[in-house]
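*Asks:* Quick one: this structure, given as structure tokens, is what I'll be asking you about.
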Amino acid sequence: MKTILHLDLDAFFVSVERILDPSLIGKPVIVGGNPKGRGVISTCSYEARKYGLHSGMPTAKAYKLCPHGIYIHGTHGEYSKFSNAVREILEKYIPELEQASIDEFYMDLTGCEKIYGNMFMFASKLQKEIYEETLLPCSIGISTNKTVAKIATDSMKPNGITYVIPGMEKEFLRRMPLEAIPGVGKVMIKKLHLRALYKIGDVADLSDNYLKRTLGKYGLYLKRKANGLGRDHLSEMSERKSISKERTYGKDVRIAEEIEATLFKLTGKVSQLIRDKKWLTSSISIKLRYSDYSTITRSTIIKATDDDKIIFGTAVNLFRKNYKTGSPVRLIGIHLTKFTGHNLQEFLFEDKFEKRKNMLEAVNKLRDRYGYDYLKFVGYDSFHAKI
């Protein structure tokens, strides 16, 4: 039986902003940009959540609910620094660690009881050290698998610790709303409510035949979760299942070249992220949203790479094939998945690979120093600096 610990940094972006500007403490803070613009909330403080605000809500709608809130774009360059600081603390203690996102970690502590003793007390020590070292509050859940550990974390936010005794997973979940299960979206919740299913326990006791007949294979998956079963395997490569960047325009854009320029900058950001992690991607998607909110996504599979030119070339081809010329665009985004390590590629065409690798490392350094507007891609082995 595994011991899985899940840690989530509470209202992470807001917590970082409050460290940088203590005057924000105790106030309704919304990270997401201009409330009169067209962005969405990245995160908001618990004071703001009392007014019904939540991540993903359009900032314009948020402003109507909480006009006295403090709306900020966020200091995005600082978030990675704080996240890395937390990871360094965890790596001192944890033999197996998976980072699910910038503010969320899974740890496999199986067998560590002999070293750290009581897991609740260890979690308390970890929580205290993270706060003392970084000033970041966090919540922790402990269980036998990832699903229950995550639900346990969410059940006691902010700054809570929840330990689910092995064998009590089903009982712990029984009275919770179905919305508490990770990945159960609004559409599925409506379907479940139409069948008078509201609590996790309502699904846990249903027959396999009924669930398969009414919800298909997803019904069996949901029952498994409702009974407290889930994955207990952590993988470094699943640290991020996907990496994506998007840009929502303040005003609709109709000029293809301008949209492609944005796509180029977004490509630079996601490419640098995977190079920093020494990953290669083999699946590239674009997301295109028009002014009427109609959205299309298109993807393609390529040979694994971390090369800006290949990734951008693939993305821009998808855009050109699918963009309705002259149509007003609200949002453009790029999405990378299907990651592998560098090992296989490094042995192919070694001289060419080394030359390319050195150039891309130089590109990373220039972008770190001058930003993503500094470079313009002009050829397979060429970048122009913006003077």
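Labeling convention for the structure tokens: chains A, B, ... as they appear, residues from 1 per chain, ligands from 1 in order of appearance.
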Could you name the residues that touch Lys125 (chain A) at 12 Å or less, counting only C-alpha atoms, but leaving out those on the same chain fewer than 2 positions away, as a PyMOL selection string?
*Replies:* chain A and resi 89-90+93+116-123+127-132+138+140+161
*Asks:* Mind listing the strand (DSSP E) residues of region 48-270 of chain A, per DSSP on the backbone, as a ChimeraX atom specification?
*Replies:* /A:70-72,96-101,104-108,138-143,161-163,243-253
*Asks:* Under the rule that only C-alpha atoms are counted, which of A:Leu136, A:Leu5, A:Ala256, A:Ile165 is the nearest residue to Thr325 (chain A)?
*Replies:*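 Ranking A:Leu136, A:Leu5, A:Ala256, A:Ile165 by distance to Thr325 (chain A), first place goes to A:Ala256.
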*Asks:* Would you mind listing what lies within 8 Å of Gly228 (chain A) as a list in words, with only C-alpha atoms counted and same-chain residues fewer than 2 positions away left out?
*Replies:*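 The residues that qualify are Thr147, Val148, Glu169, Lys170, Leu173, Arg224, Lys225, Ala226 and Gly230 of chain A.
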*Asks:* What's the 12 Å shell around Lys64 (chain A), counting only C-alpha atoms, without same-chain residues fewer than 2 positions away, as an NGL selection string?
*Replies:* :A and (35-36 or 51-53 or 57-62 or 66-69)
*Asks:* Would you write out those residues with N, CA and C atoms, as a tab-separated table (two decimals), in the first residue's frame?
*Replies:*
chain	number	residue	atom	x	y	z
A	35	PRO	N	-9.79	44.73	-15.41
A	35	PRO	CA	-11.17	44.25	-15.31
A	35	PRO	C	-12.07	44.76	-16.44
A	36	LYS	N	-11.62	45.79	-17.14
A	36	LYS	CA	-12.40	46.30	-18.27
A	36	LYS	C	-11.89	45.73	-19.60
A	51	TYR	N	-17.13	36.53	-2.98
A	51	TYR	CA	-18.06	37.22	-3.88
A	51	TYR	C	-18.40	36.38	-5.11
A	52	GLY	N	-17.96	35.12	-5.09
A	52	GLY	CA	-18.28	34.22	-6.20
A	52	GLY	C	-17.24	34.17	-7.29
A	53	LEU	N	-16.10	34.83	-7.09
A	53	LEU	CA	-15.05	34.82	-8.10
A	53	LEU	C	-14.29	33.50	-8.07
A	57	MET	N	-12.83	32.70	-14.64
A	57	MET	CA	-13.94	33.65	-14.84
A	57	MET	C	-13.43	34.88	-15.60
A	58	PRO	N	-14.18	35.37	-16.60
A	58	PRO	CA	-13.79	36.61	-17.28
A	58	PRO	C	-13.65	37.75	-16.28
A	59	THR	N	-12.60	38.55	-16.42
A	59	THR	CA	-12.39	39.63	-15.47
A	59	THR	C	-13.51	40.67	-15.51
A	60	ALA	N	-14.13	40.83	-16.66
A	60	ALA	CA	-15.25	41.78	-16.77
A	60	ALA	C	-16.41	41.34	-15.88
A	61	LYS	N	-16.69	40.04	-15.87
A	61	LYS	CA	-17.76	39.51	-15.01
A	61	LYS	C	-17.35	39.62	-13.55
A	62	ALA	N	-16.09	39.35	-13.27
A	62	ALA	CA	-15.59	39.43	-11.90
A	62	ALA	C	-15.76	40.85	-11.35
A	66	CYS	N	-17.38	42.01	-7.93
A	66	CYS	CA	-16.47	42.54	-6.90
A	66	CYS	C	-15.77	43.79	-7.45
A	67	PRO	N	-16.50	44.90	-7.59
A	67	PRO	CA	-15.91	46.12	-8.17
A	67	PRO	C	-14.83	46.75	-7.31
A	68	HIS	N	-14.84	46.45	-6.00
A	68	HIS	CA	-13.85	47.04	-5.10
A	68	HIS	C	-12.59	46.19	-4.99
A	69	GLY	N	-12.53	45.10	-5.75
A	69	GLY	CA	-11.35	44.24	-5.72
A	69	GLY	C	-10.13	44.91	-6.35
*Asks:* Mind checking which residues fall within 7 Å of Asn145 (chain A), counting only C-alpha atoms, ignoring those fewer than 4 positions away in the same chain, and posting them as number ranges by chain?
*Replies:* A: 2, 4, 149, 230-232
*Asks:* Find the residues near Leu215 (chain A): any atom within 12 Å, counting only C-alpha atoms, skip ones fewer than 2 places away on the same chain, and give them as a PyMOL selection string.
*Replies:* chain A and resi 188-189+191-192+195+203+206-213+217-223
*Asks:* Could you name the residues that touch Thr300 (chain A) at 8 Å or less, counting only C-alpha atoms, but leaving out those on the same chain fewer than 2 positions away, as an MDAnalysis selection string?
*Replies:* chainID A and resid 283:285 298 302
*Asks:* Using only C-alpha atoms, which residue out of A:Lys92, A:Arg38, A:Arg175, A:Lys186 lies closest to Tyr198 (chain A)?
*Replies:*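 Distance minimum relative to Tyr198 (chain A) lands on A:Arg175.
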*Asks:* Which is closest to Asp307 (chain A) among A:Ser294, A:Ser45, A:Ser242, A:Thr281, if we use only C-alpha atoms?
*Replies:*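 Ranked by minimum distance to Asp307 (chain A), first place goes to A:Thr281.
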*Asks:* For the helix (DSSP H, G or I) assignment from backbone DSSP, which residues of region 23-230 of chain A qualify? Please present them as a ChimeraX atom specification.
*Replies:* /A:23-24,46-49,59-65,76-93,113-116,119-134,146-155,169-173,178-180,186-194,200-204,208-215,217-226
*Asks:* Which residues of region 95-169 of chain A come within 12 Å of region 11-29 of chain A, and for each one, what is the closest pair of atoms and their distance in Å to one decimal, counting only C-alpha atoms, sorted by chain and residue number, as a Markdown table?
*Replies:*
| residue | atom | partner | partner_atom | distance |
| --- | --- | --- | --- | --- |
| A:Ser101 | CA | A:Phe12 | CA | 11.1 |
| A:Ile102 | CA | A:Phe12 | CA | 8.8 |
| A:Asp103 | CA | A:Phe12 | CA | 6.4 |
| A:Glu104 | CA | A:Phe12 | CA | 9.5 |
| A:Tyr131 | CA | A:Ser15 | CA | 10.9 |
| A:Thr134 | CA | A:Ile19 | CA | 8.9 |
| A:Leu135 | CA | A:Ile19 | CA | 7.1 |
| A:Leu136 | CA | A:Ser15 | CA | 6.2 |
| A:Pro137 | CA | A:Ser15 | CA | 7.5 |
| A:Cys138 | CA | A:Phe12 | CA | 8.5 |
| A:Ser139 | CA | A:Ala11 | CA | 10.3 |
| A:Asp154 | CA | A:Ala11 | CA | 11.8 |
| A:Lys157 | CA | A:Ala11 | CA | 9.6 |
| A:Pro158 | CA | A:Ala11 | CA | 8.3 |
| A:Asn159 | CA | A:Ala11 | CA | 10.4 |
*Asks:* Limited to N, CA and C atoms, could you put the picked residues into a file as a tab-separated table (two decimals), in the first residue's frame?
*Replies:*
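Okay, out27.tsv is ready:
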chain	number	residue	atom	x	y	z
A	101	SER	N	1.94	20.95	-11.60
A	101	SER	CA	1.81	22.29	-12.17
A	101	SER	C	2.74	23.21	-11.39
A	102	ILE	N	2.71	24.49	-11.67
A	102	ILE	CA	3.62	25.42	-11.01
A	102	ILE	C	3.39	25.48	-9.51
A	103	ASP	N	2.17	25.13	-9.05
A	103	ASP	CA	1.84	25.25	-7.63
A	103	ASP	C	1.33	23.96	-7.00
A	104	GLU	N	1.61	22.83	-7.63
A	104	GLU	CA	1.02	21.57	-7.17
A	104	GLU	C	2.03	20.43	-7.30
A	131	TYR	N	6.67	27.64	4.70
A	131	TYR	CA	6.25	29.00	5.04
A	131	TYR	C	7.41	29.83	5.57
A	134	THR	N	9.80	30.52	2.48
A	134	THR	CA	9.28	31.24	1.30
A	134	THR	C	8.13	32.19	1.60
A	135	LEU	N	7.53	32.09	2.78
A	135	LEU	CA	6.33	32.85	3.17
A	135	LEU	C	5.08	32.41	2.40
A	136	LEU	N	5.14	31.25	1.75
A	136	LEU	CA	4.00	30.74	0.99
A	136	LEU	C	3.18	29.76	1.83
A	137	PRO	N	1.87	30.01	1.97
A	137	PRO	CA	1.01	29.04	2.65
A	137	PRO	C	0.68	27.88	1.72
A	138	CYS	N	0.47	26.71	2.27
A	138	CYS	CA	0.11	25.55	1.44
A	138	CYS	C	-0.82	24.63	2.21
A	139	SER	N	-1.51	23.78	1.46
A	139	SER	CA	-2.37	22.75	2.04
A	139	SER	C	-1.86	21.39	1.58
A	154	ASP	N	-7.86	19.61	-1.06
A	154	ASP	CA	-8.88	20.61	-1.38
A	154	ASP	C	-9.92	20.75	-0.27
A	157	LYS	N	-8.64	23.61	2.59
A	157	LYS	CA	-7.96	24.84	2.18
A	157	LYS	C	-8.58	26.06	2.87
A	158	PRO	N	-7.78	27.10	3.15
A	158	PRO	CA	-6.32	27.16	2.98
A	158	PRO	C	-5.57	26.70	4.22
A	159	ASN	N	-4.30	26.42	4.04
A	159	ASN	CA	-3.36	26.14	5.13
A	159	ASN	C	-3.79	24.95	5.99
*Asks:* My list of candidates is A:Glu171, A:Ile94, A:Ser80, A:Tyr163. Which is closest to Gly111 (chain A) when distances are computed with only C-alpha atoms?
*Replies:*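 Smallest separation from Gly111 (chain A) among the options: A:Ile94.
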*Asks:* What is the distance, in Å and to one decimal place, between CA of Phe319 (chain A) and CA of Val253 (chain A)?
*Replies:*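 Going from CA of Phe319 (chain A) over to CA of Val253 (chain A) covers 14.0 Å.
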